[in-house]
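So the structure is just underneath, and the comments pick up after that.
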Amino acid sequence: MTEIGGESGTGETPDHRDSAPGEERITEHEMAGGLSGYLLGFGLAILLTIASFLAAQTNLIYQPAVISALVVLAVAQMGVHLVFFLHLTTGRDNTNNVLALAFGVLIVALVVLGSVWIMAHLDQNMAAMTAHQAGAMP
């Protein structure tokens, strides 16, 4: 019998195929594993945040390109958080997590784009203002 803590007393390795969906085993040998992975991710997040503030508040970047630079830095920041803090990788055991993230992005995109579409077309569905209503406006 195996112990509840994992390995048995006979030196056998635990069967990692017998795990619940979403149960992650982050080892020290992975890029985002252990304390060093968290510290590396934290350092990268701080650097990207500082770079964003510098891009927005200084003249280091050509002004019309500041928005593009901020978008690139924001996507990089999301990547750092997904890899180093949420441990989202491309491994076999992360397929469900990647699909759940993709579905969440799809739902958010549908809600945001649908809301923008509805608000952009509201004026076409509004009734014309009468002279009495126009006179009552401040």
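In the structure tokens, each chain is lettered A, B, ... as it comes, each chain's residues begin at 1, and ligands are numbered from 1 in order of appearance.
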(message) List as a PyMOL selection string the protein and nucleic acid residues near range 80-86 of chain A, meaning an atom at most 8 Å away when only C-alpha atoms are counted, but skip any in the same chain fewer than 2 places from it.
(response) chain A and resi 32-33+37-38+40-41+44-45+76-78+88-89
(message) For a test of reading the model, state the distance in Å between CA of Ile50 in chain A and CA of Ser68 in chain A, rounded to one decimal.
(response) 16.2 Å
(message) For a test of reading the model, state the distance in Å between CA of Ala109 in chain A and CA of Met126 in chain A, rounded to one decimal.
(response) 26.0 Å
(request) Using DSSP on the backbone coordinates, identify all residues within range 57-102 of chain A classified as alpha helix (DSSP H); present the result as an NGL selection string. (result) :A and (57 or 66-80 or 95-102)
(message) At a cut-off of 9 Å, using only C-alpha atoms, what residues contact Ala74 in chain A? Leave out same-chain residues fewer than 6 positions from it and give the result as a ChimeraX atom specification.
(response) /A:48-49,52
Please, could you write that set of residues out with N, CA and C atoms as a PDB file, in the first residue's frame?
```
ATOM      1  N   LEU A  48       8.913  45.047 -16.517  1.00  0.00           N
ATOM      2  CA  LEU A  48       7.916  45.409 -17.523  1.00  0.00           C
ATOM      3  C   LEU A  48       7.033  46.564 -17.052  1.00  0.00           C
ATOM      4  N   THR A  49       6.743  46.625 -15.769  1.00  0.00           N
ATOM      5  CA  THR A  49       5.960  47.738 -15.229  1.00  0.00           C
ATOM      6  C   THR A  49       6.739  49.037 -15.311  1.00  0.00           C
ATOM      7  N   SER A  52       6.836  50.200 -18.840  1.00  0.00           N
ATOM      8  CA  SER A  52       5.558  50.800 -19.246  1.00  0.00           C
ATOM      9  C   SER A  52       5.456  52.245 -18.778  1.00  0.00           C
TER      10      SER A  52
END
```
